[in-house]
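Trainee: Here it is, the structure, as structure tokens.
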Amino acid sequence: MKEPLLTVHDMEVSYGAVQVLFGVSLEVRAGEIVCIIGPNGAGKSTVIKAVIGLVPAQKGQVEFDGQPITNSPAHEIPALGITYVPQGRIVFAQMTVADNLEMGAFLKRDSHKRREAVQAVFDQFPRLYERRNQPAGKLSGGEQQMLAIGRALMMNPRLVILDEPSLGLSPKYVDLIYEKLLDLKRQGRTLLMVEQNAARALELSDRGYALELGHNRFADTGAKLLANEDVRRMYLGGA
Ligand SMILES: Nc1ncnc2c1ncn2[C@@H]1O[C@H](COP(=O)(O)OP(=O)(O)OP(=O)(O)O)[C@@H](O)[C@H]1O
Ligand SMILES: [Mg+2]
């Protein structure tokens, strides 16, 4: 079995006096799609925010490619090869689609390389190419999510972390975003995502972790979690 690309071990996080993670652990191996599922407030976003240095972990270890990165500052994370697509399709609304993508390549000094990276995203998302000169704020929600994902690809990351990529999108765009995520996996990318849309996420994922109130509750392959009656009852609305 391959060495994990990302390992989170026994992570504890508090906001002020309120502890919200109580020893969460997970692994992501190269080439996998891994999802974290769980109800509102379970701590899904907090796990990834602690991985990428947006909130401090009081306890536990994070390793990326065998190196300890626990509590590395957020600004050092992209250079390690980890990019993040936050919850809520955050784009620079006044800037054009093309300029939003360029912003994703802020570590690439060479403007020629930046343009190549923009072109690669346009090849992946033809819809963004069609709208390249429009302000990002004019795009539909699904297009903005594509743009946020495209921007995260600009650095050619080794791990892409996505928080709720399908939240609030129409069914058509949910399908499209999920198809794109599968495409990225087929191209050899590694993805860690948080999803409340647990059934869809597990269908797509190699493995999943189900959290409950800041604890690991279930961990298995996506297919086995989908087939597990307790998981179905607790996380998939009993469906
Ligand atoms: N900045 C913050 N300050 C204080 N408490 C916070 C903060 N962010 C999150 N929390 C609390 O931490 C807990 C876990 O929140 P988190 O956002 O990680 O959950 P989540 O599983 O991502 O939920 P959701 O599905 O609603 O996005 C919740 O009780 C939440 O209220
Ligand atoms: Mg969240």
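Convention: chains lettered A, B, ... in structure tokens order; per-chain residue numbering from 1; ligands numbered from 1 as shown.
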Apply DSSP to the backbone of this structure and, from region 4-223 of chain A, keep only the residues in alpha helix (DSSP H); write these as an MDAnalysis selection string.

Mentor: chainID A and resid 44:51 77:80 97:103 111:124 126:130 141:153 171:186 198:204 222:223

Trainee: List as a PyMOL selection string the protein and nucleic acid residues lying within 8 Å of ligand 2, with only C-alpha atoms and all ligand atoms counted.

Mentor: chain A and resi 40-41+43-46+87+163-164+194

Trainee: Give me, as a list in words, all polymer residues having an atom no more than 10 Å from region 143-145 of chain A, counting only C-alpha atoms and skipping those fewer than 5 positions away in the same chain.

Mentor: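 The neighbour list is Val85, Pro86, Gln87, Gly88, Arg89, Ile90, Val91, Phe92, Ala93, Val97, Phe125, Arg127, Leu128, Arg131, Ala136, Gly137, Lys138, Gly150, Arg151, Pro165, Ser166, Leu167, Leu169, Tyr173, Val174, Leu176 and Ile177 of chain A.
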
Trainee: Could the residues of chain A that have an atom at most 10 Å from ligand 1 be listed as JSON lines, each with its closest atom pair and the distance in Å to one decimal, counting only C-alpha atoms and all ligand atoms and ordered by chain and ascending residue number?

Mentor:
```
{"residue": "A:Val13", "atom": "CA", "partner": "ligand 1", "partner_atom_place_in_ligand_line": "12 (O)", "distance": 8.9}
{"residue": "A:Ser14", "atom": "CA", "partner": "ligand 1", "partner_atom_place_in_ligand_line": "12 (O)", "distance": 7.8}
{"residue": "A:Tyr15", "atom": "CA", "partner": "ligand 1", "partner_atom_place_in_ligand_line": "4 (C)", "distance": 4.8}
{"residue": "A:Gly16", "atom": "CA", "partner": "ligand 1", "partner_atom_place_in_ligand_line": "4 (C)", "distance": 7.0}
{"residue": "A:Ala17", "atom": "CA", "partner": "ligand 1", "partner_atom_place_in_ligand_line": "4 (C)", "distance": 9.2}
{"residue": "A:Val18", "atom": "CA", "partner": "ligand 1", "partner_atom_place_in_ligand_line": "5 (N)", "distance": 7.3}
{"residue": "A:Gln19", "atom": "CA", "partner": "ligand 1", "partner_atom_place_in_ligand_line": "12 (O)", "distance": 7.8}
{"residue": "A:Val20", "atom": "CA", "partner": "ligand 1", "partner_atom_place_in_ligand_line": "13 (C)", "distance": 5.2}
{"residue": "A:Leu21", "atom": "CA", "partner": "ligand 1", "partner_atom_place_in_ligand_line": "14 (C)", "distance": 7.7}
{"residue": "A:Ile36", "atom": "CA", "partner": "ligand 1", "partner_atom_place_in_ligand_line": "21 (O)", "distance": 8.8}
{"residue": "A:Ile37", "atom": "CA", "partner": "ligand 1", "partner_atom_place_in_ligand_line": "21 (O)", "distance": 7.8}
{"residue": "A:Gly38", "atom": "CA", "partner": "ligand 1", "partner_atom_place_in_ligand_line": "21 (O)", "distance": 6.1}
{"residue": "A:Pro39", "atom": "CA", "partner": "ligand 1", "partner_atom_place_in_ligand_line": "25 (O)", "distance": 5.6}
{"residue": "A:Asn40", "atom": "CA", "partner": "ligand 1", "partner_atom_place_in_ligand_line": "25 (O)", "distance": 3.5}
{"residue": "A:Gly41", "atom": "CA", "partner": "ligand 1", "partner_atom_place_in_ligand_line": "19 (O)", "distance": 3.5}
{"residue": "A:Ala42", "atom": "CA", "partner": "ligand 1", "partner_atom_place_in_ligand_line": "21 (O)", "distance": 3.9}
{"residue": "A:Gly43", "atom": "CA", "partner": "ligand 1", "partner_atom_place_in_ligand_line": "18 (O)", "distance": 3.2}
{"residue": "A:Lys44", "atom": "CA", "partner": "ligand 1", "partner_atom_place_in_ligand_line": "21 (O)", "distance": 3.7}
{"residue": "A:Ser45", "atom": "CA", "partner": "ligand 1", "partner_atom_place_in_ligand_line": "22 (O)", "distance": 3.6}
{"residue": "A:Thr46", "atom": "CA", "partner": "ligand 1", "partner_atom_place_in_ligand_line": "18 (O)", "distance": 3.6}
{"residue": "A:Val47", "atom": "CA", "partner": "ligand 1", "partner_atom_place_in_ligand_line": "18 (O)", "distance": 6.6}
{"residue": "A:Ile48", "atom": "CA", "partner": "ligand 1", "partner_atom_place_in_ligand_line": "18 (O)", "distance": 8.3}
{"residue": "A:Lys49", "atom": "CA", "partner": "ligand 1", "partner_atom_place_in_ligand_line": "18 (O)", "distance": 8.1}
{"residue": "A:Ala50", "atom": "CA", "partner": "ligand 1", "partner_atom_place_in_ligand_line": "18 (O)", "distance": 9.7}
{"residue": "A:Leu54", "atom": "CA", "partner": "ligand 1", "partner_atom_place_in_ligand_line": "1 (N)", "distance": 9.9}
{"residue": "A:Val55", "atom": "CA", "partner": "ligand 1", "partner_atom_place_in_ligand_line": "1 (N)", "distance": 8.4}
{"residue": "A:Gln87", "atom": "CA", "partner": "ligand 1", "partner_atom_place_in_ligand_line": "27 (O)", "distance": 7.8}
{"residue": "A:Asp163", "atom": "CA", "partner": "ligand 1", "partner_atom_place_in_ligand_line": "22 (O)", "distance": 8.0}
{"residue": "A:Glu164", "atom": "CA", "partner": "ligand 1", "partner_atom_place_in_ligand_line": "27 (O)", "distance": 7.7}
{"residue": "A:Leu167", "atom": "CA", "partner": "ligand 1", "partner_atom_place_in_ligand_line": "27 (O)", "distance": 9.7}
{"residue": "A:Val194", "atom": "CA", "partner": "ligand 1", "partner_atom_place_in_ligand_line": "22 (O)", "distance": 7.6}
{"residue": "A:Glu195", "atom": "CA", "partner": "ligand 1", "partner_atom_place_in_ligand_line": "25 (O)", "distance": 7.6}
{"residue": "A:Gln196", "atom": "CA", "partner": "ligand 1", "partner_atom_place_in_ligand_line": "25 (O)", "distance": 6.1}
{"residue": "A:Asn197", "atom": "CA", "partner": "ligand 1", "partner_atom_place_in_ligand_line": "25 (O)", "distance": 9.8}
{"residue": "A:Leu211", "atom": "CA", "partner": "ligand 1", "partner_atom_place_in_ligand_line": "21 (O)", "distance": 8.0}
{"residue": "A:Glu212", "atom": "CA", "partner": "ligand 1", "partner_atom_place_in_ligand_line": "21 (O)", "distance": 8.7}
{"residue": "A:Leu213", "atom": "CA", "partner": "ligand 1", "partner_atom_place_in_ligand_line": "14 (C)", "distance": 7.8}
{"residue": "A:Gly214", "atom": "CA", "partner": "ligand 1", "partner_atom_place_in_ligand_line": "14 (C)", "distance": 7.3}
```

Trainee: Can you list, as number ranges by chain, every residue of region 23-168 of chain A that DSSP puts in strand (DSSP E or B)?

Mentor: A: 23-29, 33-37, 59-64, 67-68, 82-85, 96, 135, 159-163

Trainee: Could you write those residues out with C-alpha atoms, as a short mmCIF file (atom, residue, chain, number, x, y, z; two decimals), in the first residue's frame?

Mentor:
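Output file out-v1.cif is given in full below:
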```cif
data_model
loop_
_atom_site.label_atom_id
_atom_site.label_comp_id
_atom_site.auth_asym_id
_atom_site.auth_seq_id
_atom_site.Cartn_x
_atom_site.Cartn_y
_atom_site.Cartn_z
CA GLY A 23 -8.80 13.49 18.40
CA VAL A 24 -9.73 13.26 14.71
CA SER A 25 -7.51 11.15 12.46
CA LEU A 26 -7.52 10.56 8.72
CA GLU A 27 -5.30 9.71 5.76
CA VAL A 28 -5.27 10.61 2.09
CA ARG A 29 -3.13 8.61 -0.34
CA ILE A 33 -10.64 11.08 -3.53
CA VAL A 34 -11.36 11.09 0.19
CA CYS A 35 -14.43 12.71 1.75
CA ILE A 36 -15.31 13.85 5.22
CA ILE A 37 -19.03 13.64 5.91
CA LYS A 59 -2.99 18.63 19.92
CA GLY A 60 -2.19 16.12 17.18
CA GLN A 61 0.03 15.91 14.13
CA VAL A 62 -0.34 16.71 10.46
CA GLU A 63 2.12 15.23 7.97
CA PHE A 64 2.31 15.95 4.26
CA GLN A 67 7.08 15.88 6.58
CA PRO A 68 5.52 17.32 9.74
CA ILE A 82 -1.76 21.99 -1.11
CA THR A 83 -4.53 24.27 -2.38
CA TYR A 84 -7.91 24.94 -0.85
CA VAL A 85 -11.34 25.71 -2.29
CA THR A 96 -12.43 38.98 -14.78
CA PRO A 135 -16.35 39.89 -14.14
CA LEU A 159 -3.51 17.86 -2.99
CA VAL A 160 -6.70 19.85 -3.53
CA ILE A 161 -8.92 20.36 -0.48
CA LEU A 162 -12.52 21.33 -1.18
CA ASP A 163 -15.08 22.45 1.40
#
```

Trainee: Suppose you want the space between CA of Thr7 (chain A) and CA of Val51 (chain A); what is it in Å?

Mentor: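 Going from CA of Thr7 (chain A) over to CA of Val51 (chain A) covers 9.4 Å.
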
Trainee: Near Leu225 (chain A), within 12 Å and counting only C-alpha atoms, which residues show up once chain neighbours fewer than 5 positions away are dropped, as a ChimeraX atom specification?

Mentor: /A:35-37,198-210,217-220,230-236
